[in-house]
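Raw contents of upload-v2.txt, compact mmCIF, C-alpha atoms and all ligand atoms:
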# COMPACT_ATOMS: atom_id res chain seq x y z
CA MET A 1 -10.25 66.20 -71.79
CA ASP A 2 -12.54 63.27 -71.75
CA SER A 3 -12.19 59.62 -71.08
CA ILE A 4 -10.34 57.22 -73.27
CA PRO A 5 -10.51 53.56 -74.19
CA THR A 6 -8.84 51.06 -71.91
CA PRO A 7 -5.07 51.26 -72.35
CA THR A 8 -3.46 48.70 -74.56
CA GLN A 9 0.12 47.63 -74.77
CA THR A 10 1.96 49.26 -77.62
CA SER A 11 5.46 49.22 -78.87
CA ARG A 12 7.09 52.53 -79.44
CA GLN A 13 10.33 54.15 -80.22
CA GLY A 14 12.07 56.22 -77.67
CA PRO A 15 11.65 59.94 -78.09
CA ILE A 16 14.44 62.33 -78.88
CA GLN A 17 15.94 64.10 -75.93
CA VAL A 18 16.64 67.77 -76.51
CA PRO A 19 19.93 68.40 -74.75
CA ALA A 20 20.32 71.25 -72.35
CA SER A 21 23.20 73.55 -72.89
CA MET A 22 26.00 73.35 -70.36
CA THR A 23 25.39 76.91 -69.34
CA ASP A 24 21.64 76.60 -68.95
CA GLN A 25 20.36 78.07 -65.71
CA ARG A 26 17.39 75.76 -65.48
CA THR A 27 14.24 76.84 -63.81
CA SER A 28 14.33 76.57 -60.11
CA PRO A 29 12.69 79.93 -59.55
CA ALA A 30 14.30 80.42 -56.16
CA GLY A 31 15.53 83.93 -56.76
CA ASN A 32 13.39 87.01 -57.05
CA ALA A 33 13.47 87.17 -60.82
CA SER A 34 11.61 84.45 -62.71
CA PRO A 35 13.72 82.51 -65.22
CA GLU A 36 13.34 83.15 -68.92
CA THR A 37 13.49 79.51 -69.97
CA MET A 38 12.03 76.33 -68.56
CA ARG A 39 11.72 72.60 -68.98
CA ALA A 40 8.79 71.53 -71.18
CA LEU A 41 7.61 68.27 -72.72
CA ILE A 42 6.86 69.13 -76.30
CA LYS A 43 5.40 67.35 -79.32
CA HIS A 44 8.60 67.83 -81.24
CA HIS A 45 7.69 66.07 -84.48
CA ALA A 46 4.75 64.53 -86.35
CA GLY A 47 5.30 61.02 -85.01
CA GLU A 48 5.53 58.97 -81.86
CA GLY A 49 6.88 60.29 -78.57
CA LEU A 50 7.56 63.61 -76.89
CA ALA A 51 10.81 65.44 -76.16
CA LEU A 52 12.01 67.31 -73.10
CA ASP A 53 13.07 70.79 -74.15
CA GLU A 54 15.15 72.31 -71.38
CA ARG A 55 15.22 75.79 -72.89
CA ARG A 56 11.63 76.53 -73.76
CA PRO A 57 10.83 80.22 -73.25
CA VAL A 58 8.62 80.83 -70.22
CA PRO A 59 5.15 81.75 -71.56
CA GLU A 60 4.08 85.37 -71.75
CA VAL A 61 1.56 86.70 -69.27
CA GLY A 62 -1.16 89.04 -70.52
CA PRO A 63 -2.89 91.57 -68.25
CA LEU A 64 -5.65 89.09 -67.37
CA ASP A 65 -3.40 86.02 -67.16
CA VAL A 66 -1.77 84.19 -64.29
CA LEU A 67 1.61 82.45 -64.56
CA ILE A 68 1.56 79.21 -62.59
CA ARG A 69 4.62 77.19 -61.53
CA VAL A 70 3.53 73.59 -62.10
CA LYS A 71 4.24 71.17 -59.23
CA LYS A 72 2.51 67.96 -60.26
CA ALA A 73 0.96 66.91 -63.57
CA GLY A 74 -1.20 63.94 -64.52
CA ILE A 75 -0.83 61.90 -67.70
CA CYS A 76 -4.22 61.62 -69.43
CA GLY A 77 -5.47 59.30 -72.13
CA THR A 78 -5.41 62.36 -74.35
CA ASP A 79 -1.66 62.67 -73.75
CA ARG A 80 -1.30 59.02 -74.71
CA HIS A 81 -3.04 59.73 -78.02
CA ILE A 82 -0.63 62.64 -78.54
CA TRP A 83 2.36 60.46 -77.64
CA GLN A 84 1.27 57.69 -79.99
CA TRP A 85 0.35 60.21 -82.70
CA ASP A 86 -2.80 58.42 -83.80
CA ASP A 87 -5.24 59.79 -86.40
CA TRP A 88 -6.98 62.02 -83.87
CA ALA A 89 -3.70 63.52 -82.64
CA ALA A 90 -2.35 64.00 -86.16
CA SER A 91 -5.50 65.87 -87.15
CA ARG A 92 -5.69 68.06 -84.05
CA ILE A 93 -2.33 68.69 -82.37
CA PRO A 94 0.01 71.42 -83.64
CA VAL A 95 3.59 70.15 -83.75
CA GLY A 96 5.75 72.10 -81.31
CA ILE A 97 3.07 72.46 -78.65
CA VAL A 98 3.73 71.93 -74.93
CA THR A 99 1.52 68.97 -73.94
CA GLY A 100 -0.44 68.13 -70.77
CA HIS A 101 -3.50 69.63 -69.07
CA GLU A 102 -3.97 68.03 -65.62
CA PHE A 103 -2.04 69.81 -62.89
CA VAL A 104 -1.61 71.61 -59.62
CA GLY A 105 0.85 74.44 -59.04
CA VAL A 106 1.61 77.72 -57.34
CA ILE A 107 1.07 81.20 -58.73
CA GLU A 108 4.40 82.72 -59.74
CA HIS A 109 3.23 85.97 -61.26
CA THR A 110 -0.04 87.75 -61.99
CA GLY A 111 -0.93 89.99 -64.92
CA SER A 112 -1.45 93.70 -64.29
CA ALA A 113 -5.26 93.48 -64.36
CA VAL A 114 -5.63 90.30 -62.28
CA THR A 115 -7.72 90.91 -59.16
CA GLN A 116 -8.66 87.54 -57.67
CA PHE A 117 -5.31 85.81 -57.23
CA THR A 118 -1.92 86.56 -55.73
CA LYS A 119 1.60 85.15 -55.97
CA GLY A 120 2.15 82.02 -53.90
CA GLN A 121 -1.44 80.73 -54.02
CA ARG A 122 -1.84 77.00 -54.66
CA VAL A 123 -4.07 76.53 -57.70
CA SER A 124 -5.26 74.31 -60.49
CA ALA A 125 -7.11 75.45 -63.61
CA GLU A 126 -9.96 74.51 -65.88
CA GLY A 127 -8.22 73.45 -69.08
CA HIS A 128 -11.07 74.44 -71.41
CA ILE A 129 -10.53 78.09 -72.22
CA THR A 130 -13.21 80.22 -73.85
CA ALA A 131 -13.43 83.91 -74.63
CA GLY A 132 -16.76 83.86 -72.80
CA ILE A 133 -18.71 85.55 -75.58
CA ASP A 134 -20.57 82.76 -77.37
CA TYR A 135 -24.12 81.57 -76.63
CA ASN A 136 -23.17 78.76 -74.26
CA SER A 137 -20.54 80.73 -72.37
CA ARG A 138 -23.15 83.41 -71.70
CA THR A 139 -25.88 81.00 -70.63
CA GLY A 140 -24.10 78.91 -68.02
CA ASN A 141 -22.68 76.24 -70.32
CA ALA A 142 -19.12 77.40 -70.92
CA HIS A 143 -17.96 73.76 -70.92
CA ILE A 144 -19.43 73.42 -74.42
CA ALA A 145 -18.41 76.84 -75.73
CA ARG A 146 -17.97 77.03 -79.49
CA ASP A 147 -14.55 78.65 -79.26
CA THR A 148 -13.03 76.34 -76.62
CA LYS A 149 -9.25 76.03 -76.69
CA ILE A 150 -7.82 73.21 -74.61
CA LEU A 151 -4.55 73.39 -72.69
CA GLY A 152 -1.99 70.98 -74.08
CA VAL A 153 -4.16 70.32 -77.15
CA ASP A 154 -4.85 73.65 -78.87
CA ARG A 155 -2.45 75.84 -76.88
CA ASP A 156 0.62 75.28 -74.72
CA GLY A 157 -0.09 73.00 -71.80
CA ILE A 158 1.27 72.12 -68.39
CA PHE A 159 4.02 69.51 -68.81
CA ALA A 160 6.36 72.42 -68.14
CA ASP A 161 7.74 74.42 -65.25
CA PHE A 162 5.30 77.22 -66.04
CA VAL A 163 1.94 77.71 -67.72
CA SER A 164 0.04 80.91 -68.42
CA VAL A 165 -3.76 80.75 -68.14
CA PRO A 166 -6.51 83.38 -67.94
CA GLU A 167 -7.42 84.34 -64.39
CA SER A 168 -11.00 83.33 -65.15
CA ASN A 169 -9.87 79.70 -65.56
CA VAL A 170 -7.92 79.44 -62.29
CA TRP A 171 -9.27 77.34 -59.40
CA PRO A 172 -7.86 77.91 -55.88
CA VAL A 173 -7.00 74.59 -54.22
CA HIS A 174 -8.31 74.05 -50.69
CA ASP A 175 -5.56 73.57 -48.06
CA ASP A 176 -6.96 70.17 -47.06
CA ILE A 177 -6.65 68.71 -50.57
CA PRO A 178 -3.15 67.31 -51.22
CA ASP A 179 -1.21 68.08 -54.41
CA ARG A 180 -1.40 64.53 -55.75
CA VAL A 181 -5.19 64.68 -55.61
CA ALA A 182 -5.45 68.25 -56.89
CA ALA A 183 -3.38 67.20 -59.91
CA THR A 184 -6.30 64.96 -60.95
CA PHE A 185 -9.11 67.53 -60.82
CA ASP A 186 -9.48 67.39 -64.60
CA PRO A 187 -10.32 63.66 -64.95
CA LEU A 188 -12.06 63.54 -61.58
CA GLY A 189 -14.20 66.41 -62.81
CA ASN A 190 -15.11 64.37 -65.89
CA ALA A 191 -16.27 61.57 -63.61
CA VAL A 192 -18.18 63.91 -61.29
CA HIS A 193 -19.81 65.69 -64.22
CA THR A 194 -20.93 62.37 -65.76
CA VAL A 195 -22.31 60.97 -62.50
CA MET A 196 -24.10 64.19 -61.53
CA ALA A 197 -25.57 64.73 -65.00
CA ALA A 198 -26.95 61.19 -64.99
CA GLY A 199 -28.33 61.40 -61.45
CA VAL A 200 -27.61 58.17 -59.57
CA SER A 201 -29.17 58.53 -56.10
CA ALA A 202 -31.00 55.31 -55.14
CA LYS A 203 -30.45 53.98 -58.64
CA SER A 204 -28.74 50.94 -60.11
CA VAL A 205 -25.80 51.99 -62.26
CA LEU A 206 -23.64 50.32 -64.87
CA VAL A 207 -20.16 51.80 -65.34
CA SER A 208 -19.07 50.59 -68.75
CA GLY A 209 -15.25 50.68 -68.84
CA VAL A 210 -13.18 51.08 -65.67
CA GLY A 211 -10.09 52.90 -66.89
CA ILE A 212 -9.00 55.95 -64.93
CA ILE A 213 -12.25 57.90 -65.24
CA GLY A 214 -14.43 54.80 -64.98
CA LEU A 215 -12.80 53.89 -61.67
CA MET A 216 -13.25 57.45 -60.50
CA GLY A 217 -16.86 57.14 -61.67
CA VAL A 218 -17.35 54.12 -59.41
CA THR A 219 -16.17 55.88 -56.26
CA VAL A 220 -18.07 59.08 -57.18
CA ALA A 221 -21.30 57.18 -57.98
CA ARG A 222 -21.04 55.44 -54.64
CA ALA A 223 -20.56 58.79 -52.88
CA ALA A 224 -23.49 60.24 -54.80
CA GLY A 225 -25.81 57.57 -53.46
CA ALA A 226 -26.01 54.94 -56.21
CA SER A 227 -27.77 51.92 -54.72
CA ARG A 228 -25.87 49.28 -56.69
CA ILE A 229 -22.98 49.72 -59.10
CA PHE A 230 -22.18 47.17 -61.80
CA CYS A 231 -19.05 47.40 -63.97
CA THR A 232 -17.64 45.95 -67.12
CA ASP A 233 -14.16 45.98 -68.58
CA ILE A 234 -11.72 43.62 -70.26
CA ASN A 235 -8.98 44.14 -67.65
CA PRO A 236 -9.30 41.80 -64.61
CA PRO A 237 -7.10 43.86 -62.20
CA ARG A 238 -9.17 46.97 -62.95
CA LEU A 239 -12.34 44.97 -62.36
CA ALA A 240 -10.97 43.84 -59.00
CA LEU A 241 -10.23 47.45 -58.09
CA ALA A 242 -13.74 48.48 -59.17
CA ARG A 243 -15.12 45.94 -56.70
CA LYS A 244 -12.86 47.32 -53.99
CA LEU A 245 -14.17 50.83 -54.74
CA GLY A 246 -17.77 49.75 -54.30
CA ALA A 247 -19.03 47.86 -57.34
CA VAL A 248 -21.29 44.96 -56.36
CA GLU A 249 -20.48 43.10 -59.57
CA ALA A 250 -17.66 43.59 -62.07
CA TYR A 251 -17.90 41.59 -65.28
CA ASP A 252 -15.14 40.68 -67.71
CA SER A 253 -16.85 41.62 -70.97
CA SER A 254 -14.16 39.92 -73.05
CA GLN A 255 -15.87 36.66 -72.02
CA GLY A 256 -19.10 37.41 -73.90
CA ASP A 257 -22.30 39.29 -73.08
CA HIS A 258 -23.92 36.78 -70.68
CA TRP A 259 -23.50 39.38 -67.94
CA ILE A 260 -26.35 41.41 -69.47
CA LYS A 261 -28.69 38.58 -68.47
CA ASP A 262 -27.19 38.57 -64.97
CA ILE A 263 -27.78 42.31 -64.64
CA ARG A 264 -31.36 41.91 -65.84
CA SER A 265 -32.12 39.17 -63.35
CA ALA A 266 -30.59 41.31 -60.58
CA THR A 267 -32.84 44.25 -61.58
CA ARG A 268 -36.34 42.72 -61.73
CA GLY A 269 -35.81 41.79 -65.36
CA GLU A 270 -35.59 45.47 -66.31
CA GLY A 271 -31.92 46.42 -66.64
CA VAL A 272 -30.02 49.19 -64.83
CA ASP A 273 -31.51 52.63 -64.24
CA VAL A 274 -28.36 54.43 -65.38
CA LEU A 275 -25.55 53.73 -67.83
CA LEU A 276 -22.27 55.62 -67.44
CA GLU A 277 -20.38 54.88 -70.67
CA MET A 278 -16.67 55.44 -70.02
CA SER A 279 -15.03 53.11 -72.54
CA GLY A 280 -15.71 54.51 -76.00
CA ALA A 281 -15.50 50.93 -77.29
CA PRO A 282 -18.28 50.21 -79.85
CA THR A 283 -19.11 46.76 -78.43
CA ALA A 284 -19.22 48.13 -74.88
CA ILE A 285 -21.50 50.98 -75.96
CA ASP A 286 -23.95 48.56 -77.58
CA GLU A 287 -23.85 46.17 -74.62
CA GLY A 288 -24.24 49.03 -72.15
CA PHE A 289 -27.42 50.20 -73.84
CA ARG A 290 -28.73 46.64 -73.96
CA ALA A 291 -28.21 46.43 -70.18
CA LEU A 292 -30.09 49.73 -69.63
CA ARG A 293 -33.78 49.51 -68.71
CA ASN A 294 -36.50 51.08 -70.84
CA GLY A 295 -36.80 54.73 -69.89
CA GLY A 296 -33.34 54.73 -68.29
CA ARG A 297 -30.70 57.38 -68.68
CA ALA A 298 -27.31 57.03 -70.41
CA ALA A 299 -24.46 59.48 -69.90
CA LEU A 300 -21.72 59.06 -72.51
CA LEU A 301 -18.18 60.22 -71.81
CA GLY A 302 -16.01 57.61 -73.58
CA LEU A 303 -14.76 58.65 -77.01
CA PRO A 304 -14.90 56.09 -79.81
CA ALA A 305 -11.78 56.17 -81.97
CA LYS A 306 -13.95 56.57 -85.10
CA PRO A 307 -17.63 56.70 -86.08
CA VAL A 308 -19.50 53.61 -84.88
CA THR A 309 -22.45 51.56 -86.13
CA PHE A 310 -25.23 51.70 -83.55
CA ASP A 311 -28.76 50.26 -83.27
CA PHE A 312 -30.81 53.41 -82.62
CA ASN A 313 -34.14 51.60 -82.85
CA ALA A 314 -33.53 49.02 -80.15
CA ASN A 315 -31.12 51.01 -77.99
CA ILE A 316 -32.71 54.45 -77.90
CA ILE A 317 -36.00 54.94 -79.72
CA PHE A 318 -38.05 51.90 -78.63
CA LYS A 319 -36.23 51.93 -75.31
CA GLY A 320 -37.40 55.50 -74.70
CA CYS A 321 -34.19 56.29 -72.87
CA GLU A 322 -32.47 59.63 -72.33
CA VAL A 323 -28.97 60.09 -73.72
CA LEU A 324 -26.56 62.75 -72.49
CA GLY A 325 -23.25 63.68 -74.10
CA ILE A 326 -20.73 64.69 -71.45
CA ASN A 327 -17.89 67.06 -72.27
CA GLY A 328 -15.42 68.55 -69.80
CA ARG A 329 -16.56 69.89 -66.47
CA ARG A 330 -19.34 72.38 -65.71
CA MET A 331 -17.80 75.71 -64.75
CA TRP A 332 -17.83 75.84 -61.90
CA GLU A 333 -20.53 73.63 -60.52
CA THR A 334 -18.53 70.44 -61.11
CA TRP A 335 -15.50 71.93 -59.34
CA TYR A 336 -17.50 72.78 -56.23
CA GLN A 337 -19.02 69.29 -56.21
CA MET A 338 -15.53 67.76 -56.50
CA GLU A 339 -14.24 69.88 -53.65
CA GLU A 340 -17.19 68.89 -51.46
CA LEU A 341 -16.72 65.18 -52.16
CA LEU A 342 -13.00 65.45 -51.37
CA LEU A 343 -13.39 67.54 -48.22
CA GLY A 344 -16.07 65.14 -47.01
CA LYS A 345 -13.68 62.24 -47.71
CA ARG A 346 -16.46 60.61 -49.69
CA ILE A 347 -14.30 59.36 -52.55
CA GLN A 348 -11.24 57.14 -52.58
CA LEU A 349 -8.45 57.94 -55.04
CA ASP A 350 -5.46 56.31 -53.30
CA ASP A 351 -5.70 53.12 -55.37
CA ILE A 352 -6.26 55.07 -58.61
CA ILE A 353 -3.27 57.44 -58.38
CA THR A 354 -0.62 54.74 -58.58
CA HIS A 355 2.70 56.24 -59.73
CA GLU A 356 4.74 59.41 -59.69
CA PHE A 357 7.95 60.16 -61.58
CA PRO A 358 10.12 63.27 -61.94
CA ILE A 359 9.51 64.83 -65.35
CA GLU A 360 13.02 63.83 -66.48
CA GLN A 361 11.73 60.23 -66.36
CA TYR A 362 8.83 61.04 -68.67
CA GLU A 363 9.50 58.03 -70.90
CA LYS A 364 9.14 55.71 -67.95
CA ALA A 365 6.06 57.62 -66.78
CA PHE A 366 4.34 57.29 -70.18
CA ASP A 367 5.39 53.67 -70.48
CA THR A 368 3.89 52.91 -67.07
CA MET A 369 0.62 54.53 -68.12
CA ILE A 370 0.46 53.15 -71.67
CA SER A 371 1.32 49.58 -70.62
CA GLY A 372 -1.55 49.62 -68.12
CA GLU A 373 0.84 48.91 -65.23
CA GLY A 374 -0.08 52.24 -63.69
CA ILE A 375 -3.52 53.81 -63.58
CA LYS A 376 -3.21 57.55 -62.94
CA VAL A 377 0.47 58.36 -63.37
CA LEU A 378 1.78 61.73 -62.18
CA MET A 379 4.93 63.62 -63.03
CA SER A 380 6.52 66.03 -60.58
CA LEU A 381 8.38 69.17 -61.58
ZN ZN B 1 -7.28 64.65 -68.99
As structure tokens:
Amino acid sequence: MDSIPTPTQTSRQGPIQVPASMTDQRTSPAGNASPETMRALIKHHAGEGLALDERRPVPEVGPLDVLIRVKKAGICGTDRHIWQWDDWAASRIPVGIVTGHEFVGVIEHTGSAVTQFTKGQRVSAEGHITAGIDYNSRTGNAHIARDTKILGVDRDGIFADFVSVPESNVWPVHDDIPDRVAATFDPLGNAVHTVMAAGVSAKSVLVSGVGIIGLMGVTVARAAGASRIFCTDINPPRLALARKLGAVEAYDSSQGDHWIKDIRSATRGEGVDVLLEMSGAPTAIDEGFRALRNGGRAALLGLPAKPVTFDFNANIIFKGCEVLGINGRRMWETWYQMEELLLGKRIQLDDIITHEFPIEQYEKAFDTMISGEGIKVLMSL
């Protein structure tokens, strides 16, 4: 899924725990036979929270599917929307679904027609699943396929001991990439896709919004050769981290838009070459475009919560800028780029992946993420 607005503190009710039966033989798939039930975090009702179902049936595996035993899972802004059950979640998420889409795991079982993968392989998966038959899937743009179904959004996801995905969506994880990093391929891929689509080499860049993907965008833009990176956000600790990751200036945009003038004077009066919009906040979008030079390029990943009012004349038409909508990750170009950046140790994620909890402590994990105390919060299974 894509980026999300900066986390805000919310109050919430505790979710309902689904009790396990006393006789439940819960998952540890140590024996030869795979278990029939598993733990799974499900959207159990049309309201706030999630529930841990300890007896969810293990998903079925079709001939072309792979069953993956999940080891680590990341909590995404999308999962926060699903937890909070906002308008977007209420309109999109089927009640009863297993949530989550960012993960790393090990192949438990392969379907009868699977040829590329074997049991025991360490893998992640592209969470956007397409039948591969529409125009874009057949012309190298499967990330914007018309029939895309998203793990943990449209079909059962990965906050569970097991997930079943088509072989064609599975990504083998390189031995030198640790689990905690591989669990973040999905959001890291959003950042890599945005940066690479914009093209940042020897360019001045503004990263508008330094939440999880914005921070990743800073370290990726630096690795991709951005000459100078500027950032904005309303969260001072995140701004400090953005500086640590390579931003030359990080502005608190809650203090007004004077920083646009500062950016202009630092860029020959022109504005930045590239805008990477990661916030989805209407004010930040407008300010980001105002800080972009004429003829610059804007790559938009942040999702506004609802339709926004926007000055097309000043911000796009007279500015003569290019605007790119960024969705998902290119299959599989973005994944190869991610792997290269990680193997080359060109990007720094240690300060971004801040917490890890066992899945039984999912309330604490979500609270840590939603409160903004943690940045990328993982759950282990
Ligand atoms: Zn995500």
- Could you list, as an MDAnalysis selection string, all the residues within 12 Å of ligand ZN 1 (chain B), counting all atoms listed in the file? chainID A and resid 1:4 73:82 99:103 126:128 150:153 157:158 183:191 212:213 327:329 376:378
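Near Asn136 in chain A, within 10 Å and counting all atoms listed in the file, sit A:Gly132, A:Gly140, A:Asn141, A:Ala142, A:His143, A:Ile144, A:Ala145, A:Arg146, A:Asp147, not including residues fewer than 4 positions from it in the same chain.
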- Task: Determine, counting all atoms listed in the file, which protein, DNA and RNA residues have an atom within 8 Å of an atom of range 313-316 of chain A; residues of the same chain fewer than 6 positions away are not included. Present the result as a ChimeraX atom specification.
- Result: /A:286,289-290,322-323
Keeping only C-alpha atoms, take the residues you just selected and write them out as a CSV table (one decimal), in the frame of the given file.
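Okay, this is what ended up in selection-v3.csv:
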chain,number,residue,atom,x,y,z
A,286,ASP,CA,-24.0,48.6,-77.6
A,289,PHE,CA,-27.4,50.2,-73.8
A,290,ARG,CA,-28.7,46.6,-74.0
A,322,GLU,CA,-32.5,59.6,-72.3
A,323,VAL,CA,-29.0,60.1,-73.7
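Candidate residues A:Glu339, A:Asp257, A:Asp273, A:Glu373 were compared for distance to Ile353 in chain A, and the nearest is A:Glu373, using only C-alpha atoms.
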Give me the residues within 8 Å of Glu167 in chain A as a PDB file with C-alpha atoms, keeping the file's coordinate frame, counting all atoms listed in the file and dropping any in the same chain fewer than 4 places off.
ATOM      1  CA  LEU A  64      -5.650  89.090 -67.370  1.00  0.00           C
ATOM      2  CA  ASP A  65      -3.400  86.020 -67.160  1.00  0.00           C
ATOM      3  CA  VAL A  66      -1.770  84.190 -64.290  1.00  0.00           C
ATOM      4  CA  VAL A 114      -5.630  90.300 -62.280  1.00  0.00           C
ATOM      5  CA  GLN A 116      -8.660  87.540 -57.670  1.00  0.00           C
ATOM      6  CA  PHE A 117      -5.310  85.810 -57.230  1.00  0.00           C
TER       7      PHE A 117
END
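Within 12 Å of Gly256 in chain A, once all atoms listed in the file are used and residues closer than 5 positions along the same chain are dropped, the contacting residues are Thr232, Asp233, Ile234, Tyr251, Lys261, Thr283, Ala284 and Glu287 of chain A.
Straight-line separation from CA of Ile260 in chain A to CA of Ala198 in chain A: 20.3 Å.
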List the neighbours of Ala250 in chain A out to 10 Å using only C-alpha atoms; skip same-chain residues closer than 4 positions along the sequence, and give me the result as a tab-separated table (two decimals) with C-alpha atoms, keeping the file's coordinate frame.
chain	number	residue	atom	x	y	z
A	206	LEU	CA	-23.64	50.32	-64.87
A	207	VAL	CA	-20.16	51.80	-65.34
A	208	SER	CA	-19.07	50.59	-68.75
A	210	VAL	CA	-13.18	51.08	-65.67
A	229	ILE	CA	-22.98	49.72	-59.10
A	230	PHE	CA	-22.18	47.17	-61.80
A	231	CYS	CA	-19.05	47.40	-63.97
A	232	THR	CA	-17.64	45.95	-67.12
A	233	ASP	CA	-14.16	45.98	-68.58
A	236	PRO	CA	-9.30	41.80	-64.61
A	238	ARG	CA	-9.17	46.97	-62.95
A	239	LEU	CA	-12.34	44.97	-62.36
A	240	ALA	CA	-10.97	43.84	-59.00
A	241	LEU	CA	-10.23	47.45	-58.09
A	242	ALA	CA	-13.74	48.48	-59.17
A	243	ARG	CA	-15.12	45.94	-56.70
A	246	GLY	CA	-17.77	49.75	-54.30
A	259	TRP	CA	-23.50	39.38	-67.94
Calculate, to one decimal in Å, the centre and edge lengths of the box along x, y and z of the file that holds all listed atoms of range 60-73 of chain A with 4 Å of margin on each side, and present them as lines of an AutoDock Vina configuration file.
center_x = -0.5
center_y = 79.2
center_z = -65.5
size_x = 18.3
size_y = 32.7
size_z = 20.5
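When CA of Ile177 in chain A is paired with CA of Ile352 in chain A, their separation reads 15.8 Å.
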Mind listing whatever residues come within 9 Å of the point (-10.4, 80.4, -62.4)? Use only C-alpha atoms, file coordinates, and give them as a PDB file with C-alpha atoms, keeping the file's coordinate frame.
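To be explicit, this is the file written out as result-v1.pdb:
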ATOM      1  CA  GLN A 116      -8.660  87.540 -57.670  1.00  0.00           C
ATOM      2  CA  VAL A 123      -4.070  76.530 -57.700  1.00  0.00           C
ATOM      3  CA  SER A 124      -5.260  74.310 -60.490  1.00  0.00           C
ATOM      4  CA  ALA A 125      -7.110  75.450 -63.610  1.00  0.00           C
ATOM      5  CA  GLU A 126      -9.960  74.510 -65.880  1.00  0.00           C
ATOM      6  CA  VAL A 165      -3.760  80.750 -68.140  1.00  0.00           C
ATOM      7  CA  PRO A 166      -6.510  83.380 -67.940  1.00  0.00           C
ATOM      8  CA  GLU A 167      -7.420  84.340 -64.390  1.00  0.00           C
ATOM      9  CA  SER A 168     -11.000  83.330 -65.150  1.00  0.00           C
ATOM     10  CA  ASN A 169      -9.870  79.700 -65.560  1.00  0.00           C
ATOM     11  CA  VAL A 170      -7.920  79.440 -62.290  1.00  0.00           C
ATOM     12  CA  TRP A 171      -9.270  77.340 -59.400  1.00  0.00           C
ATOM     13  CA  PRO A 172      -7.860  77.910 -55.880  1.00  0.00           C
ATOM     14  CA  TRP A 332     -17.830  75.840 -61.900  1.00  0.00           C
TER      15      TRP A 332
END
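Put simply, CA of Pro59 in chain A is 11.0 Å away from CA of Arg155 in chain A.
The closest residue to His174 in chain A, picked from A:Phe357, A:Trp88, A:Tyr336, A:Trp83 and counting only C-alpha atoms, is A:Tyr336.
Of the listed residues A:Val220, A:Ile375, A:Ala365, A:Leu67, the one whose atoms come nearest to Gly111 in chain A is A:Leu67, with distances taken using all atoms listed in the file.
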- Query: Taking only C-alpha atoms into account, which of A:Ala46, A:Gln121, A:Val274, A:Glu60 comes nearest Ala90 in chain A?
  - Reply: A:Ala46
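Proximity of A:Lys203, A:Arg56, A:Lys364, A:His258 to Arg293 in chain A, computed with only C-alpha atoms, is greatest for A:Lys203.
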- Query: Using all atoms listed in the file, which of the listed residues (A:Thr148, A:Thr219, A:Ser201, A:Asn294) sits closest to Gly271 in chain A?
  - Reply: A:Asn294
